[in-house]
Each structure stands twice: as C-alpha cells, then as structure tokens.
$ cat structure-v9.cif   # mmCIF, C-alpha atoms (C1' of nucleotides)
data_structure
loop_
_atom_site.label_atom_id
_atom_site.label_comp_id
_atom_site.auth_asym_id
_atom_site.auth_seq_id
_atom_site.Cartn_x
_atom_site.Cartn_y
_atom_site.Cartn_z
CA MET J 152 0.00 0.00 0.00
CA THR J 153 2.83 2.35 0.76
CA SER J 154 5.29 3.48 -1.82
CA THR J 155 8.91 3.71 -0.85
CA ALA J 156 10.80 6.96 -0.62
CA ALA J 157 12.84 6.23 -3.71
CA GLU J 158 10.30 6.86 -6.39
CA PRO J 159 10.80 5.59 -9.89
CA ALA J 160 11.31 8.41 -12.31
CA ALA J 161 8.14 7.41 -14.12
CA LEU J 162 5.85 9.09 -11.60
CA GLU J 163 4.77 12.61 -12.23
CA PRO J 164 6.23 15.24 -9.90
CA ARG J 165 2.82 15.97 -8.43
CA GLU J 166 2.25 12.35 -7.54
CA ARG J 167 5.75 12.03 -6.09
CA VAL J 168 5.01 15.01 -3.87
CA VAL J 169 1.69 13.61 -2.68
CA THR J 170 2.98 10.14 -1.88
CA ALA J 171 6.11 11.45 -0.17
CA ALA J 172 4.11 13.95 1.85
CA ALA J 173 1.54 11.30 2.76
CA GLU J 174 4.23 9.03 4.13
CA LEU J 175 5.96 11.79 6.07
CA PHE J 176 2.79 13.34 7.45
CA TYR J 177 1.47 9.97 8.53
CA ALA J 178 4.69 8.89 10.21
CA ARG J 179 5.51 12.07 12.08
CA GLY J 180 2.52 14.37 12.01
CA ILE J 181 1.71 17.19 9.64
CA GLN J 182 3.11 20.13 11.54
CA ALA J 183 6.28 18.21 12.33
CA VAL J 184 7.14 17.93 8.64
CA GLY J 185 8.26 21.00 6.80
CA MET J 186 7.74 21.79 3.16
CA ASP J 187 11.48 21.59 2.66
CA GLU J 188 11.54 18.01 3.83
CA VAL J 189 8.66 17.13 1.52
CA ARG J 190 10.59 18.71 -1.32
CA GLY J 191 13.67 16.63 -0.51
CA ALA J 192 11.73 13.37 -0.18
CA ALA J 193 9.84 13.98 -3.41
CA GLY J 194 12.94 15.07 -5.29
CA VAL J 195 11.45 18.27 -6.68
CA SER J 196 12.39 21.88 -6.30
CA LEU J 197 10.59 24.26 -4.01
CA LYS J 198 9.51 26.16 -7.08
CA ARG J 199 7.87 23.09 -8.54
CA LEU J 200 6.33 22.19 -5.21
CA TYR J 201 4.68 25.58 -4.90
CA ALA J 202 3.70 25.46 -8.54
CA GLU J 203 1.71 22.28 -7.86
CA PHE J 204 0.32 23.36 -4.50
CA PRO J 205 -0.09 27.05 -3.67
CA GLY J 206 0.37 26.33 0.03
CA LYS J 207 0.82 23.63 2.62
CA GLU J 208 -2.90 23.42 3.27
CA GLN J 209 -3.58 22.47 -0.34
CA LEU J 210 -0.92 19.79 -0.10
CA VAL J 211 -2.47 18.45 3.07
CA LEU J 212 -5.87 18.28 1.40
CA ALA J 213 -4.36 16.51 -1.61
CA VAL J 214 -2.73 14.00 0.72
CA LEU J 215 -6.02 13.39 2.51
CA ASP J 216 -7.77 12.89 -0.80
CA TRP J 217 -5.09 10.44 -1.92
CA ARG J 218 -5.39 8.58 1.36
CA ARG J 219 -9.16 8.43 1.04
CA GLU J 220 -8.78 6.91 -2.41
CA GLN J 221 -6.30 4.33 -1.10
CA TRP J 222 -8.66 3.47 1.73
CA GLU J 223 -11.72 3.12 -0.46
CA THR J 224 -10.10 0.93 -3.08
CA GLY J 225 -8.42 -1.26 -0.46
CA LEU J 226 -11.63 -1.69 1.49
CA ALA J 227 -13.67 -2.41 -1.60
CA ARG J 228 -11.15 -5.02 -2.73
CA ALA J 229 -11.35 -6.77 0.66
CA VAL J 230 -15.14 -6.70 0.69
CA GLU J 231 -15.47 -7.97 -2.85
CA GLN J 232 -13.53 -11.09 -2.00
CA ALA J 233 -16.55 -12.24 -0.01
CA ASP J 234 -19.75 -13.40 -1.63
CA GLU J 235 -22.30 -13.58 1.12
CA PRO J 236 -23.63 -10.34 2.63
CA ARG J 237 -22.69 -11.37 6.16
CA ALA J 238 -19.14 -12.23 5.12
CA ARG J 239 -18.88 -8.94 3.26
CA LEU J 240 -19.71 -7.07 6.46
CA LEU J 241 -17.10 -9.02 8.37
CA ALA J 242 -14.54 -8.44 5.63
CA VAL J 243 -14.33 -4.86 6.85
CA PHE J 244 -12.69 -6.13 10.00
CA ASP J 245 -10.38 -8.48 8.13
CA PHE J 246 -9.27 -5.44 6.18
CA LEU J 247 -8.57 -3.62 9.41
CA GLU J 248 -6.64 -6.57 10.78
CA ASP J 249 -4.32 -6.60 7.78
CA TRP J 250 -3.84 -2.88 8.04
CA PHE J 251 -3.05 -2.93 11.76
CA ALA J 252 -0.37 -5.56 11.13
CA ASP J 253 1.52 -3.18 8.87
CA ASP J 254 4.75 -1.96 10.47
CA SER J 255 4.04 1.61 9.50
CA PHE J 256 0.55 1.57 11.01
CA ARG J 257 0.02 4.59 13.21
CA GLY J 258 -3.73 4.93 13.38
CA CYS J 259 -6.17 6.49 10.98
CA GLY J 260 -4.51 9.33 9.15
CA PHE J 261 -7.76 11.27 9.11
CA ILE J 262 -8.27 11.01 12.84
CA ASN J 263 -4.68 12.08 13.39
CA ALA J 264 -5.04 15.01 11.03
CA PHE J 265 -8.33 15.97 12.64
CA GLY J 266 -6.82 15.94 16.11
CA GLU J 267 -3.93 18.04 14.89
CA LEU J 268 -5.62 20.53 12.58
CA GLY J 269 -9.36 20.01 12.83
CA ALA J 270 -9.79 22.95 15.17
CA THR J 271 -7.81 25.41 13.09
CA SER J 272 -8.42 24.23 9.52
CA PRO J 273 -12.05 23.99 8.45
CA SER J 274 -11.08 22.28 5.21
CA VAL J 275 -9.17 19.52 7.01
CA ALA J 276 -12.15 19.08 9.31
CA ALA J 277 -14.49 18.92 6.33
CA ALA J 278 -12.33 16.38 4.49
CA THR J 279 -12.20 14.19 7.59
CA ARG J 280 -15.92 14.48 8.11
CA ALA J 281 -16.62 13.58 4.48
CA HIS J 282 -14.33 10.56 4.63
CA LYS J 283 -15.90 9.20 7.80
CA GLN J 284 -19.39 9.87 6.51
CA ALA J 285 -18.59 7.94 3.33
CA PHE J 286 -17.36 5.02 5.40
CA GLN J 287 -20.50 5.02 7.50
CA ASP J 288 -22.61 5.11 4.35
CA TYR J 289 -20.64 2.26 2.86
CA VAL J 290 -21.04 0.04 5.91
CA ALA J 291 -24.71 0.98 6.14
CA ARG J 292 -25.15 -0.18 2.55
CA LEU J 293 -23.46 -3.49 3.32
CA ALA J 294 -25.74 -3.88 6.34
CA ARG J 295 -28.79 -3.18 4.25
CA ASP J 296 -27.62 -5.72 1.68
CA ALA J 297 -27.38 -8.25 4.49
CA GLY J 298 -30.99 -7.60 5.39
CA ALA J 299 -30.45 -5.57 8.53
CA ASP J 300 -31.64 -2.07 9.20
CA GLU J 301 -29.56 1.11 9.25
CA THR J 302 -28.70 0.79 12.91
CA LEU J 303 -26.41 -2.16 12.36
CA GLY J 304 -24.26 -0.20 9.95
CA ALA J 305 -23.78 2.61 12.41
CA GLN J 306 -22.91 0.15 15.15
CA LEU J 307 -20.31 -1.64 13.05
CA ALA J 308 -18.81 1.67 11.95
CA LEU J 309 -18.36 2.62 15.60
CA LEU J 310 -16.61 -0.67 16.22
CA ALA J 311 -14.29 -0.07 13.28
CA GLU J 312 -13.42 3.43 14.44
CA GLY J 313 -12.77 2.23 17.96
CA ALA J 314 -10.57 -0.55 16.68
CA GLN J 315 -8.49 1.92 14.69
CA THR J 316 -7.80 4.28 17.58
CA THR J 317 -7.25 1.46 20.04
CA ALA J 318 -4.84 -0.32 17.73
CA ALA J 319 -2.96 2.93 17.14
CA ILE J 320 -2.62 3.87 20.78
CA ALA J 321 -2.19 0.45 22.35
CA GLY J 322 0.39 -0.36 19.71
CA CYS J 323 -1.55 -2.82 17.63
CA GLY J 324 -2.95 -5.41 19.97
CA ASP J 325 -5.84 -7.57 18.91
CA SER J 326 -8.38 -4.80 18.41
CA ALA J 327 -9.38 -6.06 14.98
CA GLU J 328 -10.16 -9.54 16.26
CA VAL J 329 -12.11 -8.14 19.22
CA ALA J 330 -14.08 -5.91 16.88
CA HIS J 331 -14.60 -8.83 14.53
CA ARG J 332 -16.16 -10.97 17.25
CA ALA J 333 -18.32 -8.11 18.46
CA ALA J 334 -19.44 -7.53 14.90
CA GLU J 335 -20.52 -11.15 14.57
CA VAL J 336 -22.67 -10.81 17.66
CA LEU J 337 -24.22 -7.55 16.47
CA ILE J 338 -24.88 -8.90 12.97
CA ASP J 339 -26.51 -12.06 14.23
CA ALA J 340 -28.65 -10.11 16.66
CA ALA J 341 -29.73 -7.68 13.96
CA LEU J 342 -30.60 -10.46 11.53
CA ALA J 343 -32.43 -12.49 14.17
CA GLN J 344 -34.54 -9.49 15.06
CA ARG J 345 -36.16 -9.42 11.67
CA MET L 921 -2.19 42.57 40.92
CA THR L 922 -2.03 39.09 42.30
CA SER L 923 -4.82 37.70 44.35
CA THR L 924 -4.03 37.04 47.94
CA ALA L 925 -4.20 33.64 49.52
CA ALA L 926 -7.19 34.74 51.56
CA GLU L 927 -9.45 34.79 48.50
CA PRO L 928 -11.15 31.41 48.34
CA ALA L 929 -12.11 31.61 44.67
CA ALA L 930 -8.54 32.13 43.47
CA LEU L 931 -6.79 28.95 42.46
CA GLU L 932 -3.13 28.39 42.94
CA PRO L 933 -1.00 29.62 40.03
CA ARG L 934 -0.02 26.11 39.03
CA GLU L 935 -3.63 24.97 38.88
CA ARG L 936 -4.66 28.09 36.98
CA VAL L 937 -1.98 27.31 34.42
CA VAL L 938 -3.06 23.70 34.04
CA THR L 939 -6.76 24.42 33.65
CA ALA L 940 -6.18 27.33 31.27
CA ALA L 941 -3.77 25.28 29.19
CA ALA L 942 -6.15 22.33 29.19
CA GLU L 943 -8.94 24.45 27.82
CA LEU L 944 -6.78 26.11 25.17
CA PHE L 945 -5.04 22.93 24.07
CA TYR L 946 -8.33 21.09 23.82
CA ALA L 947 -10.10 23.82 21.88
CA ARG L 948 -7.40 24.65 19.37
CA GLY L 949 -4.71 21.98 19.49
CA ILE L 950 -1.48 21.91 21.44
CA GLN L 951 0.91 23.26 18.85
CA ALA L 952 -1.54 26.00 17.91
CA VAL L 953 -1.36 27.48 21.42
CA GLY L 954 1.80 29.25 22.50
CA MET L 955 3.20 29.48 25.97
CA ASP L 956 2.54 33.20 25.90
CA GLU L 957 -1.15 32.65 25.38
CA VAL L 958 -1.25 30.16 28.23
CA ARG L 959 0.46 32.73 30.42
CA GLY L 960 -2.14 35.34 29.50
CA ALA L 961 -5.10 33.03 30.08
CA ALA L 962 -3.75 31.83 33.40
CA GLY L 963 -2.82 35.31 34.54
CA VAL L 964 0.71 34.47 35.57
CA SER L 965 4.06 35.73 34.43
CA LEU L 966 6.30 33.83 32.07
CA LYS L 967 8.78 33.56 34.89
CA ARG L 968 6.23 31.87 37.10
CA LEU L 969 5.07 29.67 34.26
CA TYR L 970 8.56 28.38 33.64
CA ALA L 971 9.16 28.05 37.35
CA GLU L 972 6.22 25.64 37.56
CA PHE L 973 6.95 23.79 34.32
CA PRO L 974 10.47 23.65 32.90
CA GLY L 975 9.15 23.37 29.36
CA LYS L 976 6.03 23.01 27.26
CA GLU L 977 6.24 19.24 27.24
CA GLN L 978 5.98 19.11 31.03
CA LEU L 979 2.95 21.38 30.85
CA VAL L 980 1.37 19.14 28.24
CA LEU L 981 1.93 16.11 30.44
CA ALA L 982 0.46 17.92 33.44
CA VAL L 983 -2.58 18.81 31.36
CA LEU L 984 -3.01 15.22 30.25
CA ASP L 985 -2.76 14.04 33.85
CA TRP L 986 -5.34 16.60 34.94
CA ARG L 987 -7.61 15.51 32.12
CA ARG L 988 -7.20 11.87 33.06
CA GLU L 989 -8.20 12.70 36.62
CA GLN L 990 -11.27 14.61 35.42
CA TRP L 991 -12.24 11.69 33.19
CA GLU L 992 -11.81 9.08 35.88
CA THR L 993 -13.76 10.89 38.56
CA GLY L 994 -16.54 11.83 36.13
CA LEU L 995 -16.83 8.31 34.83
CA ALA L 996 -16.77 6.79 38.30
CA ARG L 997 -19.49 9.18 39.45
CA ALA L 998 -21.72 8.18 36.51
CA VAL L 999 -21.13 4.49 37.06
CA GLU L 1000 -21.77 4.66 40.79
CA GLN L 1001 -25.22 6.08 40.20
CA ALA L 1002 -26.24 2.65 38.96
CA ASP L 1003 -26.67 -0.31 41.24
CA GLU L 1004 -26.95 -3.32 39.01
CA PRO L 1005 -23.83 -4.54 37.18
CA ARG L 1006 -25.52 -4.36 33.79
CA ALA L 1007 -26.68 -0.80 34.38
CA ARG L 1008 -23.21 0.13 35.56
CA LEU L 1009 -21.77 -1.04 32.26
CA LEU L 1010 -24.34 0.95 30.35
CA ALA L 1011 -23.69 4.01 32.50
CA VAL L 1012 -20.40 4.36 30.63
CA PHE L 1013 -22.37 5.28 27.54
CA ASP L 1014 -24.68 7.60 29.41
CA PHE L 1015 -21.57 9.38 30.59
CA LEU L 1016 -20.39 9.68 26.99
CA GLU L 1017 -23.76 11.00 25.90
CA ASP L 1018 -23.64 13.79 28.44
CA TRP L 1019 -20.09 14.62 27.44
CA PHE L 1020 -20.85 14.72 23.73
CA ALA L 1021 -23.69 17.16 24.36
CA ASP L 1022 -21.26 19.68 25.83
CA ASP L 1023 -20.76 22.66 23.55
CA SER L 1024 -17.02 22.54 23.96
CA PHE L 1025 -16.81 18.85 23.06
CA ARG L 1026 -14.14 18.28 20.49
CA GLY L 1027 -13.32 14.60 20.87
CA CYS L 1028 -11.07 12.81 23.27
CA GLY L 1029 -8.22 15.06 24.29
CA PHE L 1030 -5.89 12.11 24.49
CA ILE L 1031 -6.67 10.92 21.00
CA ASN L 1032 -6.19 14.44 19.70
CA ALA L 1033 -2.89 14.83 21.54
CA PHE L 1034 -1.77 11.43 20.32
CA GLY L 1035 -2.54 12.28 16.72
CA GLU L 1036 -0.70 15.55 17.06
CA LEU L 1037 2.32 14.59 19.14
CA GLY L 1038 2.29 10.82 19.56
CA ALA L 1039 4.84 10.30 16.84
CA THR L 1040 7.31 12.88 18.12
CA SER L 1041 6.81 12.81 21.87
CA PRO L 1042 7.25 9.42 23.54
CA SER L 1043 5.95 10.76 26.84
CA VAL L 1044 2.71 12.00 25.28
CA ALA L 1045 2.32 8.62 23.60
CA ALA L 1046 2.95 6.85 26.89
CA ALA L 1047 0.46 9.02 28.79
CA THR L 1048 -2.18 8.35 26.15
CA ARG L 1049 -1.47 4.65 26.18
CA ALA L 1050 -1.68 4.51 29.98
CA HIS L 1051 -4.98 6.41 30.01
CA LYS L 1052 -6.59 4.16 27.43
CA GLN L 1053 -5.26 1.04 29.11
CA ALA L 1054 -6.74 2.19 32.41
CA PHE L 1055 -10.10 2.72 30.74
CA GLN L 1056 -10.01 -0.73 29.19
CA ASP L 1057 -9.14 -2.23 32.57
CA TYR L 1058 -11.97 -0.31 34.22
CA VAL L 1059 -14.55 -1.51 31.72
CA ALA L 1060 -13.17 -5.03 31.91
CA ARG L 1061 -13.68 -4.93 35.66
CA LEU L 1062 -17.27 -3.76 35.24
CA ALA L 1063 -17.83 -6.58 32.76
CA ARG L 1064 -16.39 -9.13 35.13
CA ASP L 1065 -18.62 -7.79 37.90
CA ALA L 1066 -21.57 -8.32 35.59
CA GLY L 1067 -20.59 -11.95 35.18
CA ALA L 1068 -19.17 -11.77 31.67
CA ASP L 1069 -15.70 -12.66 30.60
CA GLU L 1070 -12.89 -10.30 29.64
CA THR L 1071 -13.90 -10.16 26.01
CA LEU L 1072 -17.02 -8.14 26.71
CA GLY L 1073 -15.00 -5.40 28.36
CA ALA L 1074 -12.70 -5.07 25.38
CA GLN L 1075 -15.67 -4.97 23.03
CA LEU L 1076 -17.43 -2.24 24.99
CA ALA L 1077 -14.22 -0.24 25.22
CA LEU L 1078 -13.94 -0.34 21.43
CA LEU L 1079 -17.49 0.92 21.14
CA ALA L 1080 -16.74 3.78 23.52
CA GLU L 1081 -13.62 4.78 21.62
CA GLY L 1082 -15.44 4.66 18.32
CA ALA L 1083 -18.28 6.74 19.71
CA GLN L 1084 -15.81 9.40 20.86
CA THR L 1085 -14.06 9.80 17.53
CA THR L 1086 -17.27 9.60 15.56
CA ALA L 1087 -18.98 12.18 17.75
CA ALA L 1088 -15.97 14.46 17.43
CA ILE L 1089 -15.66 14.25 13.67
CA ALA L 1090 -19.31 14.03 12.70
CA GLY L 1091 -20.04 16.94 15.01
CA CYS L 1092 -21.87 15.17 17.76
CA GLY L 1093 -24.59 13.09 16.17
CA ASP L 1094 -26.14 10.22 18.04
CA SER L 1095 -23.00 8.13 18.46
CA ALA L 1096 -23.53 7.63 22.15
CA GLU L 1097 -27.05 6.27 21.66
CA VAL L 1098 -25.88 3.97 18.87
CA ALA L 1099 -23.07 2.70 21.05
CA HIS L 1100 -25.49 2.32 23.94
CA ARG L 1101 -27.80 0.08 21.95
CA ALA L 1102 -24.90 -1.95 20.59
CA ALA L 1103 -23.60 -2.34 24.12
CA GLU L 1104 -26.94 -3.74 25.26
CA VAL L 1105 -26.80 -6.35 22.54
CA LEU L 1106 -23.23 -7.32 23.36
CA ILE L 1107 -23.89 -7.48 27.09
CA ASP L 1108 -26.97 -9.62 26.70
CA ALA L 1109 -25.17 -11.95 24.33
CA ALA L 1110 -22.21 -12.26 26.68
CA LEU L 1111 -24.43 -12.97 29.68
CA ALA L 1112 -26.59 -15.46 27.79
CA GLN L 1113 -23.52 -17.36 26.71
CA ARG L 1114 -22.72 -18.34 30.26
"C1'" DT W 848 16.43 55.38 54.78
"C1'" DA W 849 19.06 51.69 52.95
"C1'" DC W 850 19.24 47.17 51.35
"C1'" DA W 851 18.41 42.43 49.91
"C1'" DG W 852 15.38 39.38 47.75
"C1'" DT W 853 11.53 38.36 44.88
"C1'" DA W 854 8.32 38.62 41.31
"C1'" DG W 855 6.01 40.70 37.33
"C1'" DA W 856 6.09 42.73 32.68
"C1'" DG W 857 7.79 42.25 28.60
"C1'" DA W 858 11.85 42.76 25.49
"C1'" DA W 859 15.13 39.87 23.33
"C1'" DC W 860 17.24 35.75 21.42
"C1'" DG W 861 17.68 31.72 18.70
"C1'" DA W 862 15.50 28.34 16.09
"C1'" DT W 863 12.10 26.75 12.89
"C1'" DC W 864 9.09 27.08 9.06
"C1'" DG W 865 6.14 28.67 5.21
"C1'" DT W 866 6.88 31.28 1.39
"C1'" DT W 867 9.27 34.14 -1.97
"C1'" DC W 868 13.23 35.73 -4.50
"C1'" DT W 869 17.73 35.52 -6.78
"C1'" DC W 870 20.70 33.67 -9.87
"C1'" DA W 871 22.93 30.54 -12.70
"C1'" DC W 872 21.97 27.14 -16.19
"C1'" DC W 873 19.82 24.69 -20.14
"C1'" DG W 874 17.35 24.00 -24.49
"C1'" DC W 875 15.99 26.20 -28.45
"C1'" DA W 876 14.42 29.43 -32.09
"C1'" DA W 877 16.01 33.05 -35.25
"C1'" DT D 1433 25.92 33.54 -31.73
"C1'" DT D 1434 22.23 36.06 -29.26
"C1'" DG D 1435 18.25 36.33 -26.79
"C1'" DC D 1436 14.62 34.13 -24.06
"C1'" DG D 1437 11.48 31.39 -21.44
"C1'" DG D 1438 11.61 28.05 -18.02
"C1'" DT D 1439 13.78 25.27 -14.31
"C1'" DG D 1440 16.55 23.80 -10.29
"C1'" DA D 1441 19.19 24.92 -6.19
"C1'" DG D 1442 19.13 27.29 -2.42
"C1'" DA D 1443 19.54 31.85 -0.08
"C1'" DA D 1444 16.60 35.11 2.03
"C1'" DC D 1445 12.58 37.06 4.31
"C1'" DG D 1446 8.99 37.51 7.60
"C1'" DA D 1447 6.43 35.49 11.09
"C1'" DT D 1448 5.88 32.55 15.00
"C1'" DC D 1449 7.26 30.35 19.10
"C1'" DG D 1450 9.82 28.34 23.05
"C1'" DT D 1451 12.85 30.05 26.21
"C1'" DT D 1452 15.82 33.33 28.62
"C1'" DC D 1453 17.21 37.85 30.19
"C1'" DT D 1454 16.70 42.60 31.76
"C1'" DC D 1455 14.73 46.02 34.22
"C1'" DT D 1456 11.67 47.80 37.41
"C1'" DA D 1457 8.55 47.83 41.41
"C1'" DC D 1458 7.56 46.16 45.71
"C1'" DT D 1459 7.98 43.91 50.39
"C1'" DG D 1460 9.99 43.12 54.66
"C1'" DT D 1461 13.71 44.19 57.85
"C1'" DA D 1462 17.12 46.60 60.39
#
$ encode --input "structure-v9.cif" --output "structure tokens"
Amino acid sequence: MTSTAAEPAALEPRERVVTAAAELFYARGIQAVGMDEVRGAAGVSLKRLYAEFPGKEQLVLAVLDWRREQWETGLARAVEQADEPRARLLAVFDFLEDWFADDSFRGCGFINAFGELGATSPSVAAATRAHKQAFQDYVARLARDAGADETLGAQLALLAEGAQTTAAIAGCGDSAEVAHRAAEVLIDAALAQR
Amino acid sequence: MTSTAAEPAALEPRERVVTAAAELFYARGIQAVGMDEVRGAAGVSLKRLYAEFPGKEQLVLAVLDWRREQWETGLARAVEQADEPRARLLAVFDFLEDWFADDSFRGCGFINAFGELGATSPSVAAATRAHKQAFQDYVARLARDAGADETLGAQLALLAEGAQTTAAIAGCGDSAEVAHRAAEVLIDAALAQR
DNA sequence: TACAGTAGAGAACGATCGTTCTCACCGCAA
DNA sequence: TTGCGGTGAGAACGATCGTTCTCTACTGTA
C-alpha cells in the first residue's frame, strides 16, 4: 500500500510530492514535517512544489484525498472477495486486521489530522468528516444488503473506528479480532430481530 | 495585581496554568497554542510559568494528567449512580452521551494529543497509552462484575472509543445512543452465553 | 532610609518554518 | 551567436514560538 521513498522516475512530480508527503505526514505528524523536507523526499524543487500546490494546506488536502482513495479501493477489494452479505460485512474487519499488522501503522490518518488541525483548519475538518461519513454510508449499505436495518451499519462503523484508535494507541494489539467478534454478535442479533 | 491567599475563589498559580492550558489545548490543538497565550489566560508571568513547568512538554503532560483525573472521577461518578452490574456497564455510555452534548466537546483530548504529538513525543504517547489502558481495565472490571468474561470489556471499550471519535468528527450526532444500543446487545449476548 | 530578595512585565534571542526571491543554467528558435 | 522562457538549487525574508534575560517595582527588615 505504501510506496517507498525512492520513487521511480516514471511518476509525475505531483504524484511524487503527494505520496512522499503522505508518508511523512502519517509517520511524524503534519506540523512536524516542513515543506522543505517534503521537497527533498519527493525530489522536486521548491519552485515546482509551490507550482503544484499554492500552500501547505492544499498539499495536506491533496494527501487526505489520496489517502481516502487508497482506503476506499483497499476496502472495496477486501469486501469484494466475499460473496455472502454477512461475510462482506465481516470483511471490513479483516481489512482492518491486515492494516493494523503493517509496520508503519500509526492509526487512521484522518483522525490524526483531525486531532492536529481540525480545530484550526475547516477544510481539514471537512475532508475528515466527508471521509468518515462515506465510510459510514458504505457500511450501512453493506448492512442493508445483508438484510439488517440502518442501525447495524452505524454500530459496526463505531466498532471499526474504535478498533483503529485502540490499535494505534495500544500499539496494535488484537483490536481487529475483538471488533470482529463483536461484529458477529451484532450482525446475528440484527438479523435475528427481523 | 495578584490575588491574595485569603481569597477562596482564586486557584493556585499552578492549577490556573493547568486548567487554562487544558482548555486552550483542547479547543485549538497543542501546537496552535503558544506558551505566551497560556500565560495570558492563566494570569501568571512567564517567569512563574517556567518556574512551575520547565518546558512546554511538562505542561502538556500535566494537562493530560489533569484531564485523566477529570475523566476518571466523572466516569466513576456516573457508574456509581447505577446499582446493578448491567446498568453500571451501560452508564459508561450515558456518561459519553452527556459529554458529547457539551458545547465545547471536540473529541477525546488524548486521542487528539496522540494524533498531534504521539509520533514525536514518547511521553505523550505513553500518557495516552496509559490512560486508554486504564479505561479498558476499568470496563473489563465492570464486565467481570456483571458476570461476563474479559472479552465483553474489550468490546465495549472499542465501542466507547469509536463513539468518541465519531462524535468528534461528525459533530456530535447520536454516536452515544448507537453505542449504547450496541452495548446492550453485546452485554446480553455475553451474559446469555454463560 | 538603605538594602536584599523576589516577582512581574515584557523585550530579546535563537531556532524553525512557510513562502518568496535571486541567480545561474539549459534547451531552443532566429 | 544572441536572446529568451523556463527550471533547479538554495539563499533570504517575515512570522511565530519556546525560552531566557533585563529592568523595574515592591515587600519586609534593620
């Protein structure tokens, strides 16, 4: 999922900047990484960097958008590997489990960015809100496909969010498995209720 | 003019600094608030501020410790209002619901601090980890008192964490109620299993 | 009154960072 | 060749911030 720092020359400068900035921001925090370091990691000049992004905020938003795209395609790929509606709901938590096992895992980049800049940057707050809303909608759709009502989707989304923060802070314990088992209970209860 | 010790309403300088810093850090982020602004809000001199805390990091840690204390006493008070073990478990989510309704609610201060400084400040990361671990232990104890096994506590803790981040980002929807209903399902399932 | 000690107010310092500017260099058309 | 538009490398600028230093006012004591 991550691209290494040494980018092949085939990538466009803009994409090199976004991927390098995404990696740096995620690993160390946004405010802890200066534009000059992004420039060095991306192998572009400051002039080019500011030609692509008029300011750091625009770069941050581009990184968040790139991360959202990565998240959505990865999640969809995991879900599509399952055929049955119930298994597709649980695939969300398998996806999380794989993610948490990654060495570079350091929590949800949106939650981190929101904690860091959400109070001072309305656009970062809006991007985070949109991303989380899309996730909730996606899970709600999977729940509806499984024959449950909207509530189940919201409940499973809460579990997924809690697993992400807990895995990040506790240093990647077994949050995904715990959430997975809780999800099974909630799904079965929701389906039995009908 | 400084307030004399005879005035009952005046807090000690150190406590004024901690509460003022806690409010500012929580509302706007830690790095967005300078020491000078903390000094102004607390009504102390820079000299006094640095006499109490040798650096900003120590102040941040003191704020986190104060916040942990506030959280623990508030949570314990909510839980103790319930008599039955099951109601005591659910009181955790009532506590969250009250908190989310606060106008100044902006998510869990520890999660925000972790997202902002966890990667660069080991002591902030450790304080966050300790706080979340203590919460998990507390819920696990409540679950054990209710006659369920350890797993239920971990599951409910995940729900609580997810409700906090979701309420913060979505702007305080009904996360607490959703988590509350999910908790009821999980508790009943855990108790029926025995 | 003189003096020592303390504390407040805020200037000052050094470092960092986002952003802009300078300047040398390269490819290329006339 | 000459001129020119564009680019890279990096110096420079202005602002912010954590931290320290200076100066002044005040308090208590002899």
$ calpha_fit_rmsd --input "structure-v9.cif" --fixed "chain L" --moving "chain J"
3.7 Å
$ interface_residues --input "structure-v9.cif" --of "chain J" --to "chain D" --cutoff "12 Å" --atoms "only C-alpha atoms (C1' of nucleotides)" --output "ChimeraX atom specification"
/J:187,190-191,194-200,202
$ closest_atom_pairs --input "structure-v9.cif" --of "chain J" --to "chain L" --cutoff "6 Å" --atoms "all atoms listed in the file" --output "JSON lines"
{"residue": "J:Arg179", "atom": "CA", "partner": "L:Ala1039", "partner_atom": "CA", "distance": 5.1}
{"residue": "J:Asn263", "atom": "CA", "partner": "L:Gly1035", "partner_atom": "CA", "distance": 4.0}
{"residue": "J:Gly266", "atom": "CA", "partner": "L:Asn1032", "partner_atom": "CA", "distance": 3.9}
{"residue": "J:Glu267", "atom": "CA", "partner": "L:Glu1036", "partner_atom": "CA", "distance": 4.6}
{"residue": "J:Ala270", "atom": "CA", "partner": "L:Arg948", "partner_atom": "CA", "distance": 5.1}
{"residue": "J:Arg280", "atom": "CA", "partner": "L:Ile1089", "partner_atom": "CA", "distance": 5.6}
{"residue": "J:Leu309", "atom": "CA", "partner": "L:Gly1082", "partner_atom": "CA", "distance": 4.5}
{"residue": "J:Leu310", "atom": "CA", "partner": "L:Leu1079", "partner_atom": "CA", "distance": 5.2}
{"residue": "J:Glu312", "atom": "CA", "partner": "L:Gly1082", "partner_atom": "CA", "distance": 4.5}
{"residue": "J:Gly313", "atom": "CA", "partner": "L:Gly1082", "partner_atom": "CA", "distance": 3.6}
{"residue": "J:Ala314", "atom": "CA", "partner": "L:Leu1078", "partner_atom": "CA", "distance": 5.8}
{"residue": "J:Ile320", "atom": "CA", "partner": "L:Arg1049", "partner_atom": "CA", "distance": 5.6}
{"residue": "J:Ala321", "atom": "CA", "partner": "L:Arg1049", "partner_atom": "CA", "distance": 5.7}
$ interface_residues --input "structure-v9.cif" --of "chain W" --to "chain J" --cutoff "10 Å" --atoms "all atoms listed in the file" --output "PyMOL selection string"
chain W and resi 863-867
$ resolve_selection --input "structure-v9.cif" --expression "the PyMOL selection byres ((chain J and resi 241-253) around 7)" --output "PDB file with C-alpha atoms, in the frame of the given file"
ATOM      1  CA  LEU J 226     -11.630  -1.690   1.490  1.00  0.00           C
ATOM      2  CA  ALA J 229     -11.350  -6.770   0.660  1.00  0.00           C
ATOM      3  CA  VAL J 230     -15.140  -6.700   0.690  1.00  0.00           C
ATOM      4  CA  ARG J 237     -22.690 -11.370   6.160  1.00  0.00           C
ATOM      5  CA  ALA J 238     -19.140 -12.230   5.120  1.00  0.00           C
ATOM      6  CA  ARG J 239     -18.880  -8.940   3.260  1.00  0.00           C
ATOM      7  CA  LEU J 240     -19.710  -7.070   6.460  1.00  0.00           C
ATOM      8  CA  ASP J 254       4.750  -1.960  10.470  1.00  0.00           C
ATOM      9  CA  SER J 255       4.040   1.610   9.500  1.00  0.00           C
ATOM     10  CA  PHE J 256       0.550   1.570  11.010  1.00  0.00           C
ATOM     11  CA  ALA J 318      -4.840  -0.320  17.730  1.00  0.00           C
ATOM     12  CA  CYS J 323      -1.550  -2.820  17.630  1.00  0.00           C
ATOM     13  CA  ALA J 327      -9.380  -6.060  14.980  1.00  0.00           C
ATOM     14  CA  HIS J 331     -14.600  -8.830  14.530  1.00  0.00           C
TER      15      HIS J 331
END
$ atom_distance --input "structure-v9.cif" --atom1 "CA of Trp217 (chain J)" --atom2 "CA of Ala192 (chain J)"
17.2 Å
$ atom_distance --input "structure-v9.cif" --atom1 "CA of Arg167 (chain J)" --atom2 "CA of Ala193 (chain J)"
5.3 Å
$ atom_distance --input "structure-v9.cif" --atom1 "CA of Asp1057 (chain L)" --atom2 "CA of Glu1004 (chain L)"
19.0 Å
$ closest_residue --input "structure-v9.cif" --among "L:Val938, L:Ile1107, L:Leu984, L:Leu979" --to "Leu1062 (chain L)" --atoms "only C-alpha atoms"
L:Ile1107
